[in-house]
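Data file: query12.csv. Format and content: CSV, C-alpha atoms.
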```csv
chain,number,residue,atom,x,y,z
J,59,MET,CA,84.0,87.0,55.6
J,60,ASP,CA,84.5,83.3,56.3
J,61,ARG,CA,87.5,82.0,54.5
J,62,LYS,CA,85.6,79.0,53.0
J,63,PHE,CA,83.5,81.4,51.1
J,64,ILE,CA,86.4,83.1,49.3
J,65,PRO,CA,86.8,80.4,46.7
J,66,ILE,CA,83.0,80.5,46.1
J,67,VAL,CA,83.1,84.2,45.5
J,68,LEU,CA,86.1,83.9,43.2
J,69,VAL,CA,84.3,81.2,41.2
J,70,VAL,CA,81.3,83.5,40.8
J,71,VAL,CA,83.5,86.4,39.7
J,72,VAL,CA,85.6,84.4,37.3
J,73,GLY,CA,82.5,82.8,35.9
J,74,ILE,CA,81.0,86.2,35.1
J,75,VAL,CA,84.3,87.4,33.6
J,76,LEU,CA,84.7,84.4,31.3
J,77,GLY,CA,81.0,84.1,30.6
J,78,VAL,CA,81.3,85.6,27.1
J,79,GLY,CA,79.9,84.2,23.9
J,80,ILE,CA,82.2,82.2,21.6
J,81,THR,CA,81.1,81.3,18.1
J,82,THR,CA,81.1,77.7,16.6
J,83,LYS,CA,83.9,78.7,14.2
J,84,GLN,CA,86.1,79.9,17.0
J,85,ALA,CA,85.4,76.7,19.0
J,86,ARG,CA,87.3,74.6,16.4
J,87,ASP,CA,90.6,76.0,17.6
J,88,PRO,CA,92.3,73.6,20.2
J,89,LEU,CA,93.1,76.4,22.5
J,90,LEU,CA,89.6,77.8,22.4
J,91,ARG,CA,88.2,74.3,22.9
J,92,GLU,CA,90.3,74.0,26.1
J,93,ILE,CA,89.0,77.5,27.2
J,94,LEU,CA,85.4,76.4,26.5
J,95,LYS,CA,86.0,73.2,28.6
J,96,GLN,CA,87.3,75.2,31.5
J,97,GLN,CA,84.5,77.7,31.1
J,98,SER,CA,82.0,75.0,31.2
J,99,THR,CA,83.5,73.6,34.4
J,100,ILE,CA,83.5,77.0,36.0
J,101,MET,CA,79.9,77.7,34.9
J,102,ASN,CA,78.8,74.4,36.4
J,103,SER,CA,80.5,75.3,39.7
J,104,GLN,CA,78.9,78.7,39.6
J,105,LYS,CA,75.4,77.2,39.2
J,106,LYS,CA,76.1,74.9,42.2
J,107,VAL,CA,77.0,78.0,44.2
J,108,GLU,CA,73.9,79.8,43.1
J,109,GLY,CA,71.9,76.7,44.1
J,110,VAL,CA,73.4,76.7,47.5
J,111,LEU,CA,72.7,80.4,48.0
J,112,SER,CA,69.1,79.9,46.9
J,113,VAL,CA,68.6,76.9,49.3
J,114,ASP,CA,70.4,78.4,52.3
J,115,GLY,CA,69.2,82.0,51.7
J,116,GLY,CA,66.1,81.7,53.8
J,117,ALA,CA,67.7,79.7,56.6
J,118,GLU,CA,68.5,82.0,59.6
J,119,GLY,CA,72.1,81.5,60.6
J,120,SER,CA,73.2,79.7,57.5
J,121,ASP,CA,76.5,80.5,55.8
J,122,ALA,CA,74.8,82.0,52.8
J,123,SER,CA,72.4,84.0,54.9
J,124,LEU,CA,75.3,85.4,57.0
J,125,LEU,CA,77.2,86.3,53.8
J,126,LEU,CA,74.2,88.2,52.3
J,127,LYS,CA,73.6,89.9,55.7
J,128,LYS,CA,77.3,91.1,55.9
J,129,GLN,CA,77.1,92.2,52.3
J,130,ALA,CA,74.0,94.3,53.0
J,131,GLU,CA,75.7,95.9,56.1
J,132,LEU,CA,78.8,96.7,54.0
J,133,GLU,CA,76.7,98.4,51.3
J,134,GLN,CA,75.0,100.5,54.0
J,135,ARG,CA,78.3,101.5,55.4
J,136,VAL,CA,79.7,102.5,52.0
J,137,ALA,CA,76.6,104.5,51.3
J,138,ALA,CA,76.9,106.3,54.6
J,139,ILE,CA,80.6,107.1,54.0
J,140,GLU,CA,79.8,108.4,50.5
J,141,THR,CA,77.2,110.7,52.0
J,142,GLU,CA,79.6,112.0,54.6
J,143,PHE,CA,82.3,112.5,52.1
J,144,LYS,CA,80.0,114.5,49.8
J,145,ALA,CA,79.0,116.7,52.8
J,146,LEU,CA,82.6,117.2,53.7
J,147,LYS,CA,83.5,118.2,50.1
J,148,ASP,CA,80.6,120.8,50.2
J,149,ILE,CA,81.9,122.2,53.5
J,150,LEU,CA,85.4,122.5,52.1
J,151,LYS,CA,84.2,124.2,49.0
J,152,GLY,CA,82.2,126.7,51.1
J,153,ALA,CA,85.2,127.3,53.3
J,154,GLN,CA,87.4,128.0,50.3
J,155,ARG,CA,84.9,130.5,49.0
J,156,GLN,CA,84.8,132.3,52.3
J,157,MET,CA,88.6,132.4,52.9
J,158,PRO,CA,90.0,136.0,52.9
J,159,PRO,CA,92.3,137.0,50.1
J,160,GLN,CA,96.0,136.7,50.7
J,161,GLU,CA,97.5,139.6,52.5
J,162,ASP,CA,99.4,142.2,50.6
J,163,LEU,CA,102.3,142.9,53.1
J,164,SER,CA,103.5,145.8,50.9
J,165,LYS,CA,100.3,147.8,51.4
J,166,VAL,CA,100.6,150.9,53.6
J,167,TYR,CA,97.6,151.8,55.7
J,168,GLU,CA,96.7,155.1,57.2
J,169,ILE,CA,96.4,154.7,60.9
J,170,PRO,CA,95.6,157.9,62.7
J,171,VAL,CA,96.7,158.4,66.3
J,172,GLY,CA,93.3,159.5,67.4
J,173,GLN,CA,92.9,159.4,71.1
J,174,SER,CA,95.6,156.8,71.6
J,175,PRO,CA,98.5,157.8,73.9
J,176,VAL,CA,101.9,157.7,72.2
J,177,ARG,CA,104.9,156.1,73.9
J,178,GLY,CA,108.2,157.6,73.1
J,179,ASN,CA,109.2,160.5,70.9
J,180,PRO,CA,106.0,161.7,69.1
J,181,LYS,CA,108.2,162.9,66.2
J,182,ALA,CA,110.1,159.6,65.8
J,183,ALA,CA,110.8,158.4,62.3
J,184,VAL,CA,109.3,155.0,63.0
J,185,THR,CA,105.9,154.2,64.6
J,186,ILE,CA,104.8,150.7,65.7
J,187,VAL,CA,101.1,150.3,66.2
J,188,ALA,CA,99.8,147.2,67.9
J,189,PHE,CA,96.2,146.1,67.8
J,190,ASP,CA,96.0,144.2,71.1
J,191,ASP,CA,93.6,142.0,73.1
J,192,TYR,CA,94.7,142.2,76.7
J,193,GLN,CA,93.6,138.7,77.4
J,194,CYS,CA,95.3,137.2,74.3
J,195,PRO,CA,98.3,135.0,75.3
J,196,PHE,CA,100.1,135.9,72.0
J,197,CYS,CA,99.8,139.6,72.8
J,198,ALA,CA,101.4,138.9,76.1
J,199,ARG,CA,104.1,136.8,74.5
J,200,PHE,CA,105.1,139.4,71.9
J,201,HIS,CA,104.9,142.5,74.1
J,202,PRO,CA,108.4,142.2,75.8
J,203,PRO,CA,110.3,142.5,72.5
J,204,ILE,CA,108.5,145.8,71.9
J,205,LEU,CA,109.8,147.1,75.2
J,206,GLU,CA,113.3,146.1,74.1
J,207,VAL,CA,112.9,147.9,70.9
J,208,LEU,CA,111.8,151.1,72.6
J,209,LYS,CA,114.8,150.9,74.9
J,210,ALA,CA,117.2,150.4,72.0
J,211,TYR,CA,115.7,153.1,69.8
J,212,PRO,CA,114.6,155.8,72.3
J,213,ASP,CA,114.4,158.6,69.8
J,214,GLN,CA,113.8,156.8,66.5
J,215,VAL,CA,110.8,154.6,67.5
J,216,ASN,CA,107.5,155.3,69.2
J,217,PHE,CA,104.6,152.9,70.1
J,218,ILE,CA,100.8,153.0,70.0
J,219,ILE,CA,98.3,150.5,71.3
J,220,LYS,CA,94.9,150.2,69.6
J,221,ASN,CA,92.2,148.1,71.3
J,222,PHE,CA,90.8,145.0,69.6
J,223,PRO,CA,89.2,142.9,72.4
J,224,LEU,CA,88.0,139.6,71.0
J,225,SER,CA,84.5,138.4,71.9
J,226,PHE,CA,85.7,135.0,73.3
J,227,HIS,CA,88.0,136.8,75.8
J,228,PRO,CA,85.5,138.2,78.3
J,229,GLN,CA,88.2,140.0,80.4
J,230,ALA,CA,89.8,141.8,77.5
J,231,LEU,CA,87.3,144.6,77.4
J,232,PRO,CA,87.4,145.4,81.1
J,233,ALA,CA,91.2,145.3,81.0
J,234,ALA,CA,91.2,147.8,78.2
J,235,LYS,CA,88.9,150.1,80.2
J,236,ALA,CA,91.3,149.7,83.2
J,237,VAL,CA,94.2,150.8,81.0
J,238,LEU,CA,92.2,153.9,79.9
J,239,ALA,CA,91.3,154.6,83.5
J,240,ALA,CA,94.9,154.4,84.5
J,241,GLY,CA,95.7,156.8,81.7
J,242,GLU,CA,93.7,159.5,83.5
J,243,GLN,CA,96.5,159.5,86.1
J,244,GLY,CA,99.3,159.3,83.6
J,245,LYS,CA,99.9,155.5,83.9
J,246,TYR,CA,98.4,154.3,80.7
J,247,PHE,CA,101.4,152.3,79.4
J,248,GLU,CA,102.4,151.2,82.9
J,249,MET,CA,99.0,149.5,83.4
J,250,ALA,CA,99.2,148.0,79.9
J,251,ASP,CA,102.7,146.6,80.6
J,252,ALA,CA,101.5,145.2,84.0
J,253,ILE,CA,98.6,143.4,82.3
J,254,LEU,CA,100.5,142.1,79.3
J,255,MET,CA,103.4,140.8,81.4
J,256,ASP,CA,100.9,138.5,83.1
J,257,ASN,CA,97.3,138.4,81.7
J,258,ARG,CA,96.2,135.1,83.3
J,259,ASP,CA,94.1,136.8,85.9
J,260,LEU,CA,92.3,140.0,84.8
J,261,SER,CA,89.6,140.1,87.5
J,262,ASP,CA,88.6,143.4,89.0
J,263,ASP,CA,90.5,142.5,92.2
J,264,ARG,CA,93.7,142.0,90.1
J,265,LEU,CA,93.1,145.3,88.3
J,266,MET,CA,92.7,147.2,91.6
J,267,GLU,CA,95.8,145.5,92.9
J,268,GLU,CA,97.8,146.7,89.9
J,269,ALA,CA,96.5,150.2,90.3
J,270,LYS,CA,97.7,150.2,93.9
J,271,LYS,CA,101.2,148.8,92.8
J,272,LEU,CA,101.5,151.7,90.3
J,273,GLY,CA,100.9,154.2,93.0
J,274,LEU,CA,97.5,155.4,91.6
J,275,ASP,CA,94.8,157.0,93.6
J,276,VAL,CA,92.8,153.7,93.8
J,277,LYS,CA,89.6,155.4,94.8
J,278,LYS,CA,89.8,157.7,91.7
J,279,PHE,CA,90.9,154.8,89.5
J,280,LYS,CA,87.9,152.7,90.6
J,281,LYS,CA,85.5,155.6,90.0
J,282,ASP,CA,87.0,156.3,86.5
J,283,TYR,CA,87.0,152.6,85.7
J,284,THR,CA,83.3,152.1,86.6
J,285,GLU,CA,81.6,155.4,86.1
J,286,ARG,CA,83.2,156.4,82.7
J,287,ASN,CA,82.2,153.2,81.0
J,288,ALA,CA,80.4,154.9,78.1
J,289,GLU,CA,83.5,157.0,77.4
J,290,TRP,CA,85.8,154.0,77.3
J,291,GLU,CA,83.4,152.1,75.2
J,292,LYS,CA,83.4,154.8,72.6
J,293,ILE,CA,87.2,154.9,72.4
J,294,ILE,CA,87.4,151.1,72.1
J,295,GLN,CA,84.7,150.9,69.4
J,296,GLU,CA,86.6,153.5,67.4
J,297,ASP,CA,89.7,151.4,67.6
J,298,MET,CA,87.8,148.3,66.5
J,299,LYS,CA,86.3,150.2,63.6
J,300,LEU,CA,89.7,151.2,62.5
J,301,ALA,CA,90.9,147.6,62.9
J,302,THR,CA,88.3,146.6,60.3
J,303,GLU,CA,89.4,149.3,57.9
J,304,VAL,CA,93.1,148.3,58.1
J,305,ASP,CA,92.3,144.6,57.7
J,306,VAL,CA,93.2,143.4,61.2
J,307,ARG,CA,92.4,139.6,61.3
J,308,GLY,CA,93.6,138.7,64.7
J,309,THR,CA,95.7,139.7,67.7
J,310,PRO,CA,98.3,140.9,67.9
J,311,THR,CA,98.5,142.7,64.6
J,312,PHE,CA,101.5,145.0,64.3
J,313,PHE,CA,102.0,147.8,61.8
J,314,LEU,CA,105.4,149.5,61.1
J,315,ASN,CA,104.8,152.9,59.6
J,316,GLY,CA,101.5,151.8,58.4
J,317,ARG,CA,102.7,148.5,56.9
J,318,LYS,CA,101.9,145.1,58.5
J,319,ALA,CA,104.9,143.8,60.2
J,320,ARG,CA,105.8,140.1,60.6
J,321,ALA,CA,108.5,140.7,63.2
J,322,ARG,CA,107.9,139.1,66.6
J,323,ASP,CA,111.3,139.1,68.3
J,324,PHE,CA,113.8,141.8,68.9
J,325,ASN,CA,116.1,140.8,66.1
J,326,GLY,CA,113.2,140.7,63.6
J,327,TRP,CA,112.1,144.2,64.7
J,328,LYS,CA,115.7,145.5,64.6
J,329,GLN,CA,116.1,144.3,61.0
J,330,GLU,CA,112.9,146.0,59.8
J,331,ILE,CA,113.5,149.2,61.8
J,332,ASP,CA,117.1,149.5,60.5
J,333,ASN,CA,115.9,149.1,56.9
J,334,LEU,CA,113.3,151.9,57.4
J,335,LEU,CA,115.9,154.2,59.0
J,336,GLU,CA,118.4,153.5,56.3
J,337,LYS,CA,115.9,154.4,53.6
J,338,LYS,CA,114.9,157.6,55.4
J,339,ASN,CA,118.6,158.7,55.7
```

Please go through the file and, once you have read it, give me the structure as structure tokens.
Amino acid sequence: MDRKFIPIVLVVVVGIVLGVGITTKQARDPLLREILKQQSTIMNSQKKVEGVLSVDGGAEGSDASLLLKKQAELEQRVAAIETEFKALKDILKGAQRQMPPQEDLSKVYEIPVGQSPVRGNPKAAVTIVAFDDYQCPFCARFHPPILEVLKAYPDQVNFIIKNFPLSFHPQALPAAKAVLAAGEQGKYFEMADAILMDNRDLSDDRLMEEAKKLGLDVKKFKKDYTERNAEWEKIIQEDMKLATEVDVRGTPTFFLNGRKARARDFNGWKQEIDNLLEKKN
């Protein structure tokens, strides 16, 4: 707004604020008479401003016209902001209603082994189950500590992978099938390790290359990988159904003897495993 209009606007505002009725009796007071005098001066100034606005209001490009135009634009912007703010509040309310309840980390879920291979001692006191997506970068990041744990607790801990390929990771499902196909030649976890140690490229060529590195019969691997698709789909779908039943919300999700685990590094796993072993002893 032009600076020369600030006093005009202030005069208008003050005039409105002070434009209150004062009785004749109250006007006899000297202080009130002075207020009335000042009010009269302000009101006269206000009338002059109104006169200027009424005269200049129709002149395109006049100060008054520009002022009214800016005021209208400001009102439109405020109305738009209010509308957007209301829409945002509605969205936030909806999101709050749809938010899942807070997890109960003390709850113990029943997670059957099913058709999943078990790594380590089948009768170990502690079982770690990982619901993994082979294309998930976090699954790759948190897999090496699991290998450290298995090495440190060869008899006390075993490990199971359940499949939970996410829809926005297009290579996760083929990679899971490749791991199952490798399992037909006894290299299930070896293929899983190879993928999770570097899951940036999960093309068919990469999977075939890993099969060759693992010493698999590549021809058989390729046949199992491609021709037993329905069998692999069934196993993966069973894992995904189980994931829903045990409240898996993302990958990786780890369970330690059926209870969700927050450990992600070796020290975290060691602390939780030692606590379990101490309770069992």

Separation of CA of Ala230 in chain J from CA of Ile204 in chain J, in Å and rounded to one decimal
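Taking CA of Ala230 in chain J and CA of Ile204 in chain J, their separation equals 19.9 Å.
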
Atomic distance CA of Pro228 in chain J - CA of Ile294 in chain J, expressed in Å with one decimal
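For CA of Pro228 in chain J relative to CA of Ile294 in chain J, the distance reads 14.4 Å.
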
J:Leu334, J:Gly241, J:Arg307, J:Pro232: which is nearest Thr284 in chain J, counting all atoms listed in the file?
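Smallest distance to Thr284 in chain J is found for J:Pro232.
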
Please list, as a ChimeraX atom specification, the residues that have an atom at most 8 Å away from (86.7, 150.6, 86.4) in the coordinates of this file, counting all atoms listed in the file.
/J:232,235-236,239,262,279-287

Of the candidates J:Leu208, J:Ala138, J:Ile169, J:Ala269, which one gets nearest to Leu300 in chain J if we count all atoms listed in the file?
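Using all atoms listed in the file, the shortest distance to Leu300 in chain J belongs to J:Ile169.
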
If we count only C-alpha atoms, what is near range 248-259 of chain J at a cut-off of 6 Å, once residues fewer than 5 positions away on the same chain are taken out, given as a list in words?
Gln193, Ala198 and Val237 of chain J

For Asp332 in chain J: contacts at 12 Å, only C-alpha atoms, fewer than 4 positions along chain excluded, given as a VMD selection string:
chain J and resid 183 to 184 207 210 to 211 214 to 215 314 324 to 328 336 to 339

Please define a box with edges along x, y and z of the file around all atoms of range 313-330 of chain J given in the file, extend it by 3 Å on each side, and return its centre and edge lengths in Å to one decimal, as JSON.
```
{"center_x": 108.8, "center_y": 146.0, "center_z": 62.9, "size_x": 20.6, "size_y": 19.8, "size_z": 18.0}
```

If we count all atoms listed in the file and set the cut-off at 10 Å, which residues sit around Ser164 in chain J, ignoring sequence neighbours fewer than 5 positions away in its own chain? Please answer as an MDAnalysis selection string.
chainID J and resid 316:319

Using only C-alpha atoms, which of the listed residues (J:Leu132, J:Val187, J:Leu125, J:Ala182) sits closest to Asp297 in chain J?
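Residue with the minimum atom-to-atom distance to Asp297 in chain J: J:Val187.
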
Computed interatomic separation between CA of Gly152 in chain J and CA of Ile139 in chain J (Å):
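Between CA of Gly152 in chain J and CA of Ile139 in chain J the gap works out to 19.9 Å.
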
Mind listing whatever residues come within 10 Å of the point (93.2, 131.8, 70.9)? Use all atoms listed in the file, file coordinates, and give them as a tab-separated table (two decimals) with C-alpha atoms, in the frame of the given file.
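result21.tsv was written with the following content:
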```tsv
chain	number	residue	atom	x	y	z
J	193	GLN	CA	93.60	138.70	77.40
J	194	CYS	CA	95.30	137.20	74.30
J	195	PRO	CA	98.30	135.00	75.30
J	196	PHE	CA	100.10	135.90	72.00
J	224	LEU	CA	88.00	139.60	71.00
J	226	PHE	CA	85.70	135.00	73.30
J	227	HIS	CA	88.00	136.80	75.80
J	308	GLY	CA	93.60	138.70	64.70
J	309	THR	CA	95.70	139.70	67.70
```

Pick the closest to Pro223 in chain J from J:Val166, J:Val171, J:Met298, J:Ile186: which is it, counting all atoms listed in the file?
J:Met298

For Lys165 in chain J, the nearest of the candidates J:Asp323, J:Ile218, J:Asn315, J:Gln329, counting only C-alpha atoms
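Distance minimum relative to Lys165 in chain J lands on J:Asn315.
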
Need the shell around Ala188 in chain J: protein/DNA/RNA residues with any atom at most 9 Å away, counting all atoms listed in the file. Skip same-chain ones fewer than 4 positions apart. Format as an mmCIF file with C-alpha atoms, keeping the file's coordinate frame?
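Produced file result_24.cif, reproduced below:
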```cif
data_model
loop_
_atom_site.group_PDB
_atom_site.id
_atom_site.type_symbol
_atom_site.label_atom_id
_atom_site.label_comp_id
_atom_site.auth_asym_id
_atom_site.auth_seq_id
_atom_site.Cartn_x
_atom_site.Cartn_y
_atom_site.Cartn_z
ATOM 1 C CA PHE J 217 104.600 152.900 70.100
ATOM 2 C CA ILE J 218 100.800 153.000 70.000
ATOM 3 C CA ILE J 219 98.300 150.500 71.300
ATOM 4 C CA LYS J 220 94.900 150.200 69.600
ATOM 5 C CA ASN J 221 92.200 148.100 71.300
ATOM 6 C CA THR J 309 95.700 139.700 67.700
ATOM 7 C CA PRO J 310 98.300 140.900 67.900
ATOM 8 C CA THR J 311 98.500 142.700 64.600
ATOM 9 C CA PHE J 312 101.500 145.000 64.300
ATOM 10 C CA PHE J 313 102.000 147.800 61.800
#
```
